[in-house]
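So this block is entry08.pdb, PDB, C-alpha atoms:
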```
ATOM      1  CA  MET N   1      35.709 -56.258  -3.917
ATOM      2  CA  SER N   2      38.174 -53.728  -2.489
ATOM      3  CA  ASN N   3      35.564 -50.970  -2.783
ATOM      4  CA  GLU N   4      33.133 -53.100  -0.776
ATOM      5  CA  ILE N   5      35.727 -53.721   1.927
ATOM      6  CA  ALA N   6      36.632 -50.033   1.990
ATOM      7  CA  GLY N   7      32.947 -49.206   2.373
ATOM      8  CA  LEU N   8      32.608 -51.680   5.245
ATOM      9  CA  ILE N   9      35.667 -50.229   6.948
ATOM     10  CA  LYS N  10      34.319 -46.693   6.567
ATOM     11  CA  ALA N  11      30.961 -47.802   7.991
ATOM     12  CA  ASP N  12      32.715 -49.475  10.924
ATOM     13  CA  LEU N  13      34.804 -46.362  11.561
ATOM     14  CA  ALA N  14      31.656 -44.233  11.508
ATOM     15  CA  ALA N  15      29.971 -46.616  13.968
ATOM     16  CA  LEU N  16      33.028 -46.475  16.247
ATOM     17  CA  GLY N  17      33.008 -42.679  16.047
ATOM     18  CA  ASN N  18      29.339 -42.622  17.020
ATOM     19  CA  ALA N  19      29.974 -45.024  19.900
ATOM     20  CA  ALA N  20      32.852 -42.834  21.096
ATOM     21  CA  SER N  21      30.608 -39.759  20.973
ATOM     22  CA  GLN N  22      27.940 -41.560  22.994
ATOM     23  CA  LEU N  23      30.520 -42.612  25.595
ATOM     24  CA  ALA N  24      31.774 -39.039  25.824
ATOM     25  CA  GLN N  25      28.225 -37.813  26.408
ATOM     26  CA  GLN N  26      27.629 -40.487  29.046
ATOM     27  CA  ALA N  27      30.880 -39.558  30.791
ATOM     28  CA  GLY N  28      29.520 -36.050  31.233
ATOM     29  CA  THR N  29      26.452 -37.409  33.016
ATOM     30  CA  ILE N  30      28.309 -39.571  35.560
ATOM     31  CA  ALA N  31      27.977 -38.107  39.024
ATOM     32  CA  PRO N  32      31.225 -36.889  40.542
ATOM     33  CA  ALA N  33      32.392 -38.307  43.870
ATOM     34  CA  ALA N  34      31.542 -34.989  45.566
ATOM     35  CA  GLN N  35      27.851 -35.823  45.239
ATOM     36  CA  PHE N  36      28.448 -38.860  47.423
ATOM     37  CA  GLY N  37      30.001 -36.828  50.219
ATOM     38  CA  GLY N  38      33.491 -37.349  48.792
ATOM     39  CA  ASN N  39      33.218 -41.139  48.936
ATOM     40  CA  PRO N  40      31.912 -43.262  46.074
ATOM     41  CA  PRO N  41      29.384 -45.961  46.892
ATOM     42  CA  ALA N  42      30.886 -49.073  48.506
ATOM     43  CA  GLY N  43      31.891 -51.762  46.052
ATOM     44  CA  SER N  44      31.690 -49.543  42.987
ATOM     45  CA  PHE N  45      35.277 -50.192  41.897
ATOM     46  CA  SER N  46      34.990 -53.940  42.301
ATOM     47  CA  ASP N  47      31.641 -53.894  40.502
ATOM     48  CA  ALA N  48      33.179 -51.892  37.676
ATOM     49  CA  MET N  49      36.100 -54.296  37.389
ATOM     50  CA  MET N  50      33.827 -57.345  37.431
ATOM     51  CA  SER N  51      31.678 -55.720  34.750
ATOM     52  CA  ALA N  52      34.761 -54.972  32.644
ATOM     53  CA  VAL N  53      36.062 -58.533  32.963
ATOM     54  CA  SER N  54      32.632 -59.906  32.048
ATOM     55  CA  GLY N  55      32.441 -57.608  29.037
ATOM     56  CA  VAL N  56      35.891 -58.621  27.803
ATOM     57  CA  ASN N  57      35.007 -62.285  28.291
ATOM     58  CA  ALA N  58      31.738 -61.858  26.374
ATOM     59  CA  ALA N  59      33.532 -60.085  23.516
ATOM     60  CA  ASP N  60      36.116 -62.878  23.359
ATOM     61  CA  GLN N  61      33.444 -65.569  23.308
ATOM     62  CA  ALA N  62      31.476 -63.740  20.606
ATOM     63  CA  ALA N  63      34.622 -63.343  18.494
ATOM     64  CA  GLY N  64      35.422 -67.027  18.951
ATOM     65  CA  ALA N  65      31.924 -67.991  17.873
ATOM     66  CA  LYS N  66      32.138 -65.791  14.755
ATOM     67  CA  MET N  67      35.531 -67.238  13.861
ATOM     68  CA  ALA N  68      34.209 -70.780  14.383
ATOM     69  CA  ASP N  69      31.237 -70.009  12.115
ATOM     70  CA  VAL N  70      33.567 -68.736   9.388
ATOM     71  CA  ASP N  71      35.879 -71.747   9.805
ATOM     72  CA  ALA N  72      32.962 -74.186   9.589
ATOM     73  CA  GLY N  73      31.506 -72.428   6.537
ATOM     74  CA  ARG N  74      28.311 -71.370   8.308
ATOM     75  CA  SER N  75      29.114 -67.698   7.728
ATOM     76  CA  ASP N  76      30.739 -65.653   4.965
ATOM     77  CA  ASP N  77      31.357 -62.643   7.242
ATOM     78  CA  LEU N  78      35.146 -62.875   7.441
ATOM     79  CA  VAL N  79      35.492 -59.109   7.878
ATOM     80  CA  GLY N  80      33.017 -59.107  10.768
ATOM     81  CA  ALA N  81      34.794 -62.030  12.398
ATOM     82  CA  MET N  82      38.179 -60.332  12.086
ATOM     83  CA  MET N  83      36.769 -57.064  13.431
ATOM     84  CA  ALA N  84      35.231 -58.896  16.397
ATOM     85  CA  SER N  85      38.545 -60.632  17.024
ATOM     86  CA  GLN N  86      40.444 -57.332  16.950
ATOM     87  CA  GLU N  87      37.847 -55.693  19.203
ATOM     88  CA  ALA N  88      38.189 -58.521  21.715
ATOM     89  CA  SER N  89      41.973 -58.266  21.559
ATOM     90  CA  LEU N  90      41.913 -54.507  22.124
ATOM     91  CA  SER N  91      39.444 -54.897  24.988
ATOM     92  CA  PHE N  92      41.719 -57.422  26.648
ATOM     93  CA  SER N  93      44.760 -55.187  26.137
ATOM     94  CA  MET N  94      42.919 -52.236  27.653
ATOM     95  CA  LEU N  95      41.831 -54.341  30.628
ATOM     96  CA  MET N  96      45.437 -55.450  31.174
ATOM     97  CA  GLN N  97      46.613 -51.836  31.075
ATOM     98  CA  VAL N  98      44.032 -50.883  33.700
ATOM     99  CA  ARG N  99      45.157 -53.836  35.813
ATOM    100  CA  ASN N 100      48.799 -52.775  35.470
ATOM    101  CA  LYS N 101      47.959 -49.201  36.507
ATOM    102  CA  VAL N 102      45.995 -50.395  39.525
ATOM    103  CA  MET N 103      48.798 -52.732  40.571
ATOM    104  CA  GLY N 104      51.315 -49.898  40.158
ATOM    105  CA  ALA N 105      49.160 -47.650  42.343
ATOM    106  CA  VAL N 106      48.902 -50.368  44.993
ATOM    107  CA  ASP N 107      52.684 -50.786  44.952
ATOM    108  CA  GLU N 108      53.101 -47.028  45.413
ATOM    109  CA  LEU N 109      50.658 -47.054  48.325
ATOM    110  CA  ILE N 110      52.549 -49.889  49.970
ATOM    111  CA  LYS N 111      55.809 -47.889  49.693
ATOM    112  CA  LEU N 112      54.339 -44.878  51.504
ATOM    113  CA  PRO N 113      55.770 -44.348  54.968
ATOM    114  CA  LEU N 114      53.368 -44.714  57.844
TER     115      LEU N 114
END
```
Write the structure described by the file as structure tokens, please.
Amino acid sequence: MSNEIAGLIKADLAALGNAASQLAQQAGTIAPAAQFGGNPPAGSFSDAMMSAVSGVNAADQAAGAKMADVDAGRSDDLVGAMMASQEASLSFSMLMQVRNKVMGAVDELIKLPL
């Protein structure tokens, strides 16, 4: 049993490593702001934040559904449900950290002398 769980964890870590590599490759293809004349397209930050909030919400709902399935006995995938729950928790924590950084930056901008 422990060997099976260890194998699942290793497979999940490999999948996360592959996802991280794909994100790193995609980050290299994002156009810098200089291509937009120094200004990013209007609404891009708000669109990105709305997309992030929607993604975190979707991950939380999916984790809740998996946990409910395990609780009701419709699924035996306890490891998958726990992983989904942890992923949703980490996504929410990351979103809160971004929010805190943005709010800190806004506070600093407000303190600037005119």
Quick one: residues within 8 Å of segment 94-103 of chain N, all atoms listed in the file counted, chain neighbours fewer than 2 positions away excluded, as JSON, numbers by chain? {"N": [52, 53, 56, 90, 91, 92, 105, 106, 107]}
Those same residues - C-alpha atoms - I'd like them written as a PDB file, in the coordinates of the input.
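Result file follows (result.pdb):
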```pdb
ATOM      1  CA  ALA N  52      34.761 -54.972  32.644  1.00  0.00           C
ATOM      2  CA  VAL N  53      36.062 -58.533  32.963  1.00  0.00           C
ATOM      3  CA  VAL N  56      35.891 -58.621  27.803  1.00  0.00           C
ATOM      4  CA  LEU N  90      41.913 -54.507  22.124  1.00  0.00           C
ATOM      5  CA  SER N  91      39.444 -54.897  24.988  1.00  0.00           C
ATOM      6  CA  PHE N  92      41.719 -57.422  26.648  1.00  0.00           C
ATOM      7  CA  ALA N 105      49.160 -47.650  42.343  1.00  0.00           C
ATOM      8  CA  VAL N 106      48.902 -50.368  44.993  1.00  0.00           C
ATOM      9  CA  ASP N 107      52.684 -50.786  44.952  1.00  0.00           C
TER      10      ASP N 107
END
```
Tell me, in Å to one decimal, how far atom CA of Ala65 of chain N is from atom CA of Ala81 of chain N. 8.6 Å
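What separates atom CA of Ala62 of chain N from atom CA of Val79 of chain N is a distance of 14.1 Å.
Here atom CA of Met49 of chain N stands at a distance of 20.2 Å from atom CA of Glu108 of chain N.
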On this file, the PyMOL selection byres ((chain N and resi 82) around 12) gives some set of residues; write that set as a list in words. Ile9, Asp60, Ala62, Ala63, Gly64, Ala65, Lys66, Met67, Ala68, Asp69, Val70, Asp71, Asp76, Asp77, Leu78, Val79, Gly80, Ala81, Met83, Ala84, Ser85, Gln86, Glu87, Ala88 and Ser89 of chain N
Limited to C-alpha atoms, could you put the picked residues into a file as a PDB file, in the coordinates of the input?
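part-v4.pdb was written with the following content:
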```pdb
ATOM      1  CA  ILE N   9      35.667 -50.229   6.948  1.00  0.00           C
ATOM      2  CA  ASP N  60      36.116 -62.878  23.359  1.00  0.00           C
ATOM      3  CA  ALA N  62      31.476 -63.740  20.606  1.00  0.00           C
ATOM      4  CA  ALA N  63      34.622 -63.343  18.494  1.00  0.00           C
ATOM      5  CA  GLY N  64      35.422 -67.027  18.951  1.00  0.00           C
ATOM      6  CA  ALA N  65      31.924 -67.991  17.873  1.00  0.00           C
ATOM      7  CA  LYS N  66      32.138 -65.791  14.755  1.00  0.00           C
ATOM      8  CA  MET N  67      35.531 -67.238  13.861  1.00  0.00           C
ATOM      9  CA  ALA N  68      34.209 -70.780  14.383  1.00  0.00           C
ATOM     10  CA  ASP N  69      31.237 -70.009  12.115  1.00  0.00           C
ATOM     11  CA  VAL N  70      33.567 -68.736   9.388  1.00  0.00           C
ATOM     12  CA  ASP N  71      35.879 -71.747   9.805  1.00  0.00           C
ATOM     13  CA  ASP N  76      30.739 -65.653   4.965  1.00  0.00           C
ATOM     14  CA  ASP N  77      31.357 -62.643   7.242  1.00  0.00           C
ATOM     15  CA  LEU N  78      35.146 -62.875   7.441  1.00  0.00           C
ATOM     16  CA  VAL N  79      35.492 -59.109   7.878  1.00  0.00           C
ATOM     17  CA  GLY N  80      33.017 -59.107  10.768  1.00  0.00           C
ATOM     18  CA  ALA N  81      34.794 -62.030  12.398  1.00  0.00           C
ATOM     19  CA  MET N  83      36.769 -57.064  13.431  1.00  0.00           C
ATOM     20  CA  ALA N  84      35.231 -58.896  16.397  1.00  0.00           C
ATOM     21  CA  SER N  85      38.545 -60.632  17.024  1.00  0.00           C
ATOM     22  CA  GLN N  86      40.444 -57.332  16.950  1.00  0.00           C
ATOM     23  CA  GLU N  87      37.847 -55.693  19.203  1.00  0.00           C
ATOM     24  CA  ALA N  88      38.189 -58.521  21.715  1.00  0.00           C
ATOM     25  CA  SER N  89      41.973 -58.266  21.559  1.00  0.00           C
TER      26      SER N  89
END
```
